[in-house]
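So this one's my_file13.csv, CSV, C-alpha atoms:
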chain,number,residue,atom,x,y,z
A,731,ILE,CA,12.2,-14.8,-7.6
A,732,MET,CA,13.6,-17.2,-10.2
A,733,ASN,CA,13.9,-19.9,-7.5
A,734,ILE,CA,10.2,-19.4,-6.6
A,735,VAL,CA,9.1,-19.5,-10.3
A,736,LYS,CA,11.3,-22.4,-11.5
A,737,GLU,CA,11.9,-24.6,-8.5
A,738,VAL,CA,9.2,-24.3,-5.9
A,739,PRO,CA,6.4,-26.8,-6.8
A,740,ALA,CA,3.0,-25.4,-7.4
A,741,PRO,CA,0.6,-25.9,-4.5
A,742,PRO,CA,-2.8,-27.5,-4.9
A,743,PRO,CA,-5.7,-25.2,-5.9
A,744,THR,CA,-7.2,-25.3,-2.4
A,745,GLY,CA,-6.1,-23.9,0.9
A,746,LEU,CA,-3.9,-20.9,1.8
A,747,LEU,CA,-0.7,-20.4,-0.2
A,748,GLU,CA,2.2,-18.7,1.6
A,749,VAL,CA,5.8,-18.5,0.5
A,750,ARG,CA,8.5,-16.9,2.7
A,751,VAL,CA,11.9,-15.9,1.5
A,752,SER,CA,14.8,-14.6,3.6
A,753,ILE,CA,17.3,-12.2,2.0
A,754,LEU,CA,20.0,-11.0,4.4
A,755,ASN,CA,18.1,-9.5,7.3
A,756,SER,CA,14.8,-9.1,5.4
A,757,ARG,CA,11.9,-11.5,5.1
A,758,ILE,CA,9.7,-11.4,2.1
A,759,ARG,CA,6.2,-12.9,2.2
A,760,PHE,CA,4.0,-13.8,-0.7
A,761,TRP,CA,0.6,-15.2,0.0
A,762,THR,CA,-2.9,-15.7,-1.5
A,763,PRO,CA,-6.1,-16.4,0.3
A,764,PRO,CA,-7.9,-19.8,0.1
A,765,ALA,CA,-9.7,-20.4,-3.2
A,766,ASN,CA,-13.0,-20.7,-1.3
A,767,GLN,CA,-12.5,-17.3,0.3
A,768,PRO,CA,-10.9,-15.2,-2.4
A,769,ILE,CA,-11.4,-11.9,-0.5
A,770,ALA,CA,-11.6,-10.9,3.1
A,771,TRP,CA,-15.2,-10.0,4.0
A,772,VAL,CA,-15.6,-6.2,4.4
A,773,SER,CA,-18.6,-4.8,6.2
A,774,LEU,CA,-18.7,-1.4,4.5
A,775,PRO,CA,-21.5,0.4,2.7
A,776,PHE,CA,-20.1,0.2,-0.8
A,777,SER,CA,-23.2,1.9,-2.1
A,778,HIS,CA,-22.0,5.2,-0.5
A,779,LEU,CA,-18.9,5.3,-2.8
A,780,PHE,CA,-20.9,4.3,-5.9
A,781,SER,CA,-23.4,7.0,-5.1
A,782,CYS,CA,-20.7,9.7,-4.8
A,783,LEU,CA,-18.6,8.7,-7.8
A,784,ASP,CA,-19.3,7.1,-11.2
A,785,VAL,CA,-17.4,4.0,-12.3
A,786,SER,CA,-14.8,5.9,-14.4
A,787,ASN,CA,-13.9,8.2,-11.5
A,788,ILE,CA,-13.7,5.3,-9.0
A,789,LEU,CA,-11.3,3.5,-11.4
A,790,LEU,CA,-9.2,6.7,-11.8
A,791,VAL,CA,-8.8,7.1,-8.0
A,792,TRP,CA,-8.1,3.3,-7.6
A,793,HIS,CA,-5.5,3.6,-10.3
A,794,ALA,CA,-3.8,6.5,-8.6
A,795,LEU,CA,-3.7,4.7,-5.3
A,796,THR,CA,-2.1,1.6,-6.9
A,797,LEU,CA,0.6,3.9,-8.2
A,798,GLU,CA,1.1,5.4,-4.7
A,799,ARG,CA,0.1,8.9,-5.6
A,800,GLN,CA,-1.2,11.7,-3.3
A,801,VAL,CA,-5.0,11.5,-3.1
A,802,LEU,CA,-7.2,13.8,-1.1
A,803,LEU,CA,-10.9,13.1,-0.6
A,804,THR,CA,-13.2,16.1,0.2
A,805,SER,CA,-16.9,16.4,1.1
A,806,THR,CA,-19.2,18.4,3.3
A,807,GLN,CA,-20.0,15.1,5.1
A,808,LEU,CA,-17.5,13.6,7.5
A,809,THR,CA,-19.1,10.2,7.3
A,810,LEU,CA,-18.4,10.0,3.6
A,811,LEU,CA,-14.8,10.8,4.1
A,812,GLY,CA,-14.1,7.9,6.5
A,813,THR,CA,-16.4,5.4,4.7
A,814,CYS,CA,-15.1,6.1,1.1
A,815,ALA,CA,-11.4,6.1,2.3
A,816,GLU,CA,-11.9,2.7,3.9
A,817,ILE,CA,-13.6,1.3,0.8
A,818,PHE,CA,-10.8,2.5,-1.5
A,819,VAL,CA,-8.2,0.8,0.8
A,820,SER,CA,-10.2,-2.4,0.8
A,821,MET,CA,-10.3,-2.3,-3.1
A,822,LEU,CA,-6.4,-2.5,-3.1
A,823,PHE,CA,-6.6,-6.1,-1.7
A,824,PRO,CA,-4.4,-8.2,-1.7
A,825,LEU,CA,-2.2,-5.1,-1.6
A,826,SER,CA,-2.3,-2.8,1.4
A,827,TRP,CA,-1.9,0.9,1.8
A,828,THR,CA,1.3,1.5,3.9
A,829,HIS,CA,1.7,5.2,3.4
A,830,MET,CA,0.1,8.1,5.3
A,831,TYR,CA,-3.6,7.5,5.9
A,832,VAL,CA,-5.8,10.0,7.7
A,833,PRO,CA,-9.5,9.6,6.6
A,834,VAL,CA,-10.5,12.8,8.4
A,835,LEU,CA,-7.6,15.2,8.6
A,836,PRO,CA,-7.6,17.8,11.4
A,837,HIS,CA,-7.2,21.4,10.4
A,838,PHE,CA,-3.9,21.8,12.3
A,839,LEU,CA,-2.3,18.9,10.2
A,840,THR,CA,-3.1,20.3,6.8
A,841,PRO,CA,0.5,21.3,6.2
A,842,VAL,CA,1.3,17.6,5.8
A,843,LEU,CA,-0.6,17.7,2.5
A,844,ASP,CA,2.4,19.4,1.0
A,845,ALA,CA,4.8,16.6,2.1
A,846,PRO,CA,6.7,14.8,-0.7
A,847,MET,CA,5.2,11.4,0.0
A,848,PRO,CA,2.1,9.4,-1.0
A,849,TYR,CA,-1.0,9.8,1.1
A,850,LEU,CA,-4.7,9.1,1.2
A,851,CYS,CA,-6.4,11.7,3.3
A,852,GLY,CA,-9.9,13.2,3.7
A,853,ILE,CA,-10.8,16.8,4.5
A,854,THR,CA,-14.0,18.8,4.7
A,855,LYS,CA,-14.6,21.3,1.9
A,856,SER,CA,-14.3,24.3,4.2
A,857,LYS,CA,-11.0,23.2,5.5
A,858,LEU,CA,-9.7,22.4,2.0
A,859,GLN,CA,-10.4,25.9,0.9
A,860,GLU,CA,-8.4,27.3,3.8
A,861,ALA,CA,-5.6,24.9,3.2
A,862,GLN,CA,-5.4,25.8,-0.5
A,863,LYS,CA,-5.3,29.5,0.4
A,864,ARG,CA,-2.3,28.9,2.7
A,865,GLY,CA,-0.6,26.8,0.0
A,866,ASP,CA,-0.7,23.6,2.2
A,867,VAL,CA,-1.9,21.3,-0.6
A,868,SER,CA,0.8,19.8,-2.9
A,869,SER,CA,0.7,20.7,-6.6
A,870,GLU,CA,0.8,16.9,-7.3
A,871,CYS,CA,-2.2,16.1,-5.1
A,872,ILE,CA,-5.3,14.6,-6.7
A,873,VAL,CA,-8.4,16.1,-5.2
A,874,VAL,CA,-11.6,13.9,-5.3
A,875,ASP,CA,-14.8,15.8,-4.6
A,876,LEU,CA,-17.3,13.2,-3.4
A,877,ASP,CA,-20.2,15.6,-3.4
A,878,GLU,CA,-19.8,16.7,-7.0
A,879,ASN,CA,-18.3,13.5,-8.6
A,880,THR,CA,-15.1,15.3,-9.8
A,881,VAL,CA,-11.5,14.2,-9.8
A,882,THR,CA,-9.0,17.1,-10.2
A,883,LEU,CA,-5.3,16.4,-11.0
A,884,GLY,CA,-2.8,18.8,-9.6
A,885,VAL,CA,-0.8,21.1,-12.0
A,886,ASN,CA,2.3,18.9,-11.4
A,887,THR,CA,0.6,15.5,-11.0
A,888,PRO,CA,2.7,13.0,-13.0
A,889,PRO,CA,0.7,11.4,-15.8
A,890,LEU,CA,-0.8,8.1,-14.9
A,891,PRO,CA,0.3,5.3,-17.2
A,892,PRO,CA,-2.6,3.6,-18.9
A,893,LEU,CA,-4.0,0.4,-17.6
A,894,PRO,CA,-3.9,-2.6,-20.0
A,895,SER,CA,-6.9,-2.1,-22.2
A,896,LYS,CA,-8.3,-5.6,-21.9
A,897,ARG,CA,-8.0,-5.6,-18.2
A,898,ARG,CA,-9.6,-2.2,-17.9
A,899,GLN,CA,-12.5,-3.2,-20.1
A,900,LYS,CA,-13.1,-6.3,-18.1
A,901,LEU,CA,-13.0,-4.4,-14.8
A,902,GLU,CA,-15.3,-1.6,-16.1
A,903,LYS,CA,-17.7,-4.2,-17.4
A,904,ALA,CA,-17.9,-6.0,-14.0
A,905,LEU,CA,-18.4,-2.7,-12.1
A,906,GLU,CA,-21.1,-1.5,-14.5
A,907,LEU,CA,-22.9,-4.8,-14.4
A,908,ASN,CA,-23.0,-5.0,-10.6
A,909,ALA,CA,-23.0,-1.4,-9.4
A,910,GLY,CA,-23.2,0.9,-12.5
A,911,GLY,CA,-26.9,1.7,-11.9
A,912,ILE,CA,-26.5,3.1,-8.4
A,913,PHE,CA,-24.9,6.4,-9.4
A,914,SER,CA,-27.5,7.2,-12.1
A,915,SER,CA,-30.4,6.2,-9.7
A,916,VAL,CA,-29.2,8.4,-6.9
A,917,ARG,CA,-28.2,11.3,-9.1
A,918,ASP,CA,-31.4,11.3,-11.2
A,919,GLY,CA,-32.7,14.5,-9.6
A,920,ALA,CA,-30.2,17.1,-8.4
A,921,ASN,CA,-32.4,18.1,-5.5
A,922,GLY,CA,-32.8,14.5,-4.5
A,923,TRP,CA,-29.1,14.0,-4.3
A,924,ARG,CA,-28.6,17.2,-2.3
A,925,ASP,CA,-31.3,16.1,0.2
A,926,ARG,CA,-29.7,12.7,0.7
A,927,LEU,CA,-26.2,14.2,0.9
A,928,LYS,CA,-27.2,16.3,3.9
A,929,ASN,CA,-28.3,13.2,5.8
A,930,PHE,CA,-25.1,11.2,5.7
A,931,ASP,CA,-23.9,12.7,8.9
A,932,ASP,CA,-27.3,12.4,10.7
A,933,ALA,CA,-27.3,9.9,13.6
A,934,PHE,CA,-30.9,9.0,12.7
A,935,THR,CA,-31.8,9.3,9.0
A,936,ILE,CA,-35.1,11.1,8.4
A,937,ALA,CA,-37.3,9.5,5.7
A,938,PHE,CA,-38.0,11.6,2.6
A,939,ALA,CA,-41.4,12.9,1.9
A,940,PRO,CA,-43.5,10.6,-0.4
A,941,ASP,CA,-43.6,13.2,-3.1
A,942,SER,CA,-39.9,14.1,-3.0
A,943,GLU,CA,-37.6,13.5,-5.9
A,944,SER,CA,-35.9,10.8,-3.7
A,945,SER,CA,-38.9,8.5,-3.9
A,946,ASP,CA,-36.7,5.9,-5.6
A,947,LEU,CA,-35.4,5.1,-2.1
A,948,ASN,CA,-37.2,2.8,0.2
A,949,GLU,CA,-38.2,3.5,3.8
A,950,SER,CA,-34.6,2.7,5.0
A,951,GLY,CA,-33.1,5.2,2.7
A,952,ILE,CA,-31.6,2.4,0.6
A,953,LEU,CA,-32.0,1.8,-3.1
A,954,PRO,CA,-34.5,-1.0,-3.8
A,955,ALA,CA,-31.7,-3.1,-5.4
A,956,GLU,CA,-29.9,-3.1,-2.1
A,957,SER,CA,-32.9,-4.1,0.1
A,958,SER,CA,-32.0,-7.8,0.1
A,959,PHE,CA,-28.9,-8.5,2.2
A,960,SER,CA,-28.0,-11.7,0.4
A,961,SER,CA,-28.2,-10.1,-3.0
A,962,LEU,CA,-26.5,-7.0,-1.8
A,963,GLN,CA,-23.6,-9.0,-0.4
A,964,SER,CA,-23.2,-11.0,-3.6
A,965,ILE,CA,-23.1,-7.7,-5.6
A,966,TRP,CA,-20.3,-6.2,-3.4
A,967,ASP,CA,-18.4,-9.5,-3.4
A,968,ALA,CA,-18.4,-9.4,-7.1
A,969,VAL,CA,-17.2,-5.8,-7.1
A,970,GLN,CA,-14.3,-6.6,-4.7
A,971,GLU,CA,-13.3,-9.7,-6.7
A,972,ALA,CA,-13.3,-7.6,-9.9
A,973,PHE,CA,-10.3,-5.6,-8.5
A,974,LEU,CA,-8.2,-8.7,-7.8
Would you put the structure from the file into structure tokens?
Amino acid sequence: IMNIVKEVPAPPPTGLLEVRVSILNSRIRFWTPPANQPIAWVSLPFSHLFSCLDVSNILLVWHALTLERQVLLTSTQLTLLGTCAEIFVSMLFPLSWTHMYVPVLPHFLTPVLDAPMPYLCGITKSKLQEAQKRGDVSSECIVVDLDENTVTLGVNTPPLPPLPSKRRQKLEKALELNAGGIFSSVRDGANGWRDRLKNFDDAFTIAFAPDSESSDLNESGILPAESSFSSLQSIWDAVQEAFL
């Protein structure tokens, strides 16, 4: 590391940077993406995650993942489990999640939730209740309820060290600026959120009635702020870049 810091010349600010170091039989690779493409383009509906969780809870789950903790997502909708798990993994860039990763955990594999290792898994609410009754869920597991916007730490979850205050404030500000209004818009009416929640697993989304509490959604079931693809993409690019 000292050799890299003190002796390897700094590369120009453009292009891909990659440094490889061989130590005994191991090869260590450090790399950064090109300056004109700071993040890999991810085609994921980020609005789903920001509809399910507010900014503070998203930061809490992201913080737990960076510390390689046990995180279990739960919802009544299978679609949300897979989508939100993939979004959380993408937010770790340029790091990658190398531990157990099962976005939709089958019921016969629930005993692995008590394994002494980090994991990011998803499970339906009905299966979670069964697993908890059997004692299959670790006491250190952090349970994230996507339907109810709650994050519950286990009784033996080690405390999370605080993020640097200035870095956290900068990250929160960027998320609030670009996506903070989505949660409040979707959750404005409890019945509207319940109606929309039931449609995530539908193959063909049924439009809401004009007089329903979800009238803040357009004909595609998308918030007006998301209707322009170019503006939408710039918003989520900014969200991803905020986590770098």
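Shortest separation to Asp875 (chain A) among A:Met732, A:Leu783, A:Leu825, A:Val819 occurs at residue A:Leu783, atoms counted being all atoms listed in the file.
Of note, CA of Val842 (chain A) and CA of Cys871 (chain A) are spaced 11.5 Å apart.
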Revision key, fill the gap. As a check of understanding: the span from CA of Ser777 (chain A) to CA of Gly852 (chain A) is 18.4 Å
Review point. Hey, which of A:Ala815, A:Thr840, A:Arg898, A:Gly910 ends up closest to Val874 (chain A)? Count all atoms listed in the file.
Key: A:Ala815
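Closest approach to Pro833 (chain A) from the set A:Ser805, A:Thr880, A:Gln859, A:Asn929 is made by A:Ser805, with distances taken over only C-alpha atoms.
Going from CA of Leu774 (chain A) to CA of Glu816 (chain A) covers 8.0 Å.
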Practice item. Compile the contact shell of Trp966 (chain A) as number ranges by chain: residues with an atom at most 9 Å away, counting all atoms listed in the file, same-chain residues fewer than 5 positions apart removed. Key: A: 776-777, 908-909, 961, 971
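Across A:Gly865, A:Ser781, A:Thr887, A:Ile731, the tightest approach to Leu797 (chain A) is made by A:Thr887 when counting all atoms listed in the file.
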Review point. Leu907 (chain A): which residues within 10 Å, counting all atoms listed in the file, same-chain residues fewer than 4 positions away excluded, as a ChimeraX atom specification?
Key: /A:901-903,911,965,968-969
Store the residues picked out above in a file with C-alpha atoms, as an mmCIF file, keeping the file's coordinate frame.
data_model
loop_
_atom_site.group_PDB
_atom_site.id
_atom_site.type_symbol
_atom_site.label_atom_id
_atom_site.label_comp_id
_atom_site.auth_asym_id
_atom_site.auth_seq_id
_atom_site.Cartn_x
_atom_site.Cartn_y
_atom_site.Cartn_z
ATOM 1 C CA LEU A 901 -13.000 -4.400 -14.800
ATOM 2 C CA GLU A 902 -15.300 -1.600 -16.100
ATOM 3 C CA LYS A 903 -17.700 -4.200 -17.400
ATOM 4 C CA GLY A 911 -26.900 1.700 -11.900
ATOM 5 C CA ILE A 965 -23.100 -7.700 -5.600
ATOM 6 C CA ALA A 968 -18.400 -9.400 -7.100
ATOM 7 C CA VAL A 969 -17.200 -5.800 -7.100
#
Review point. What's the 9 Å shell around Arg750 (chain A), counting only C-alpha atoms, without same-chain residues fewer than 2 positions away, as a list in words?
Key: Glu748, Ser752, Arg757, Ile758, Arg759, Phe760 and Trp761 of chain A
Based on the selection just made, write C-alpha atoms of those residues as a PDB file, in the frame of the given file.
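Now in part.pdb:
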ATOM      1  CA  GLU A 748       2.200 -18.700   1.600  1.00  0.00           C
ATOM      2  CA  SER A 752      14.800 -14.600   3.600  1.00  0.00           C
ATOM      3  CA  ARG A 757      11.900 -11.500   5.100  1.00  0.00           C
ATOM      4  CA  ILE A 758       9.700 -11.400   2.100  1.00  0.00           C
ATOM      5  CA  ARG A 759       6.200 -12.900   2.200  1.00  0.00           C
ATOM      6  CA  PHE A 760       4.000 -13.800  -0.700  1.00  0.00           C
ATOM      7  CA  TRP A 761       0.600 -15.200   0.000  1.00  0.00           C
TER       8      TRP A 761
END
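The smallest atom-to-atom distance between Ile788 (chain A) and any of A:Val867, A:Val885, A:Cys814, A:Leu802, using all atoms listed in the file, is found for A:Cys814.
You can rank A:Asn733, A:Thr804, A:Gln970, A:Asn755 by their closest distance to Lys855 (chain A) using all atoms listed in the file, and at the top of that list sits A:Thr804.
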Practice item. Find the spatial neighbours of Thr854 (chain A), counting only C-alpha atoms, within a cut-off of 12 Å - ignore same-chain residues fewer than 6 positions away - and output them as a VMD selection string. Key: chain A and resid 802 to 812 833 to 837 840 860 to 861 873 to 877
Could you write out the selected residues, including C-alpha atoms, as an mmCIF file, in the frame of the given file?
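As a result, out_8.cif now contains:
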data_model
loop_
_atom_site.group_PDB
_atom_site.id
_atom_site.type_symbol
_atom_site.label_atom_id
_atom_site.label_comp_id
_atom_site.auth_asym_id
_atom_site.auth_seq_id
_atom_site.Cartn_x
_atom_site.Cartn_y
_atom_site.Cartn_z
ATOM 1 C CA LEU A 802 -7.200 13.800 -1.100
ATOM 2 C CA LEU A 803 -10.900 13.100 -0.600
ATOM 3 C CA THR A 804 -13.200 16.100 0.200
ATOM 4 C CA SER A 805 -16.900 16.400 1.100
ATOM 5 C CA THR A 806 -19.200 18.400 3.300
ATOM 6 C CA GLN A 807 -20.000 15.100 5.100
ATOM 7 C CA LEU A 808 -17.500 13.600 7.500
ATOM 8 C CA THR A 809 -19.100 10.200 7.300
ATOM 9 C CA LEU A 810 -18.400 10.000 3.600
ATOM 10 C CA LEU A 811 -14.800 10.800 4.100
ATOM 11 C CA GLY A 812 -14.100 7.900 6.500
ATOM 12 C CA PRO A 833 -9.500 9.600 6.600
ATOM 13 C CA VAL A 834 -10.500 12.800 8.400
ATOM 14 C CA LEU A 835 -7.600 15.200 8.600
ATOM 15 C CA PRO A 836 -7.600 17.800 11.400
ATOM 16 C CA HIS A 837 -7.200 21.400 10.400
ATOM 17 C CA THR A 840 -3.100 20.300 6.800
ATOM 18 C CA GLU A 860 -8.400 27.300 3.800
ATOM 19 C CA ALA A 861 -5.600 24.900 3.200
ATOM 20 C CA VAL A 873 -8.400 16.100 -5.200
ATOM 21 C CA VAL A 874 -11.600 13.900 -5.300
ATOM 22 C CA ASP A 875 -14.800 15.800 -4.600
ATOM 23 C CA LEU A 876 -17.300 13.200 -3.400
ATOM 24 C CA ASP A 877 -20.200 15.600 -3.400
#
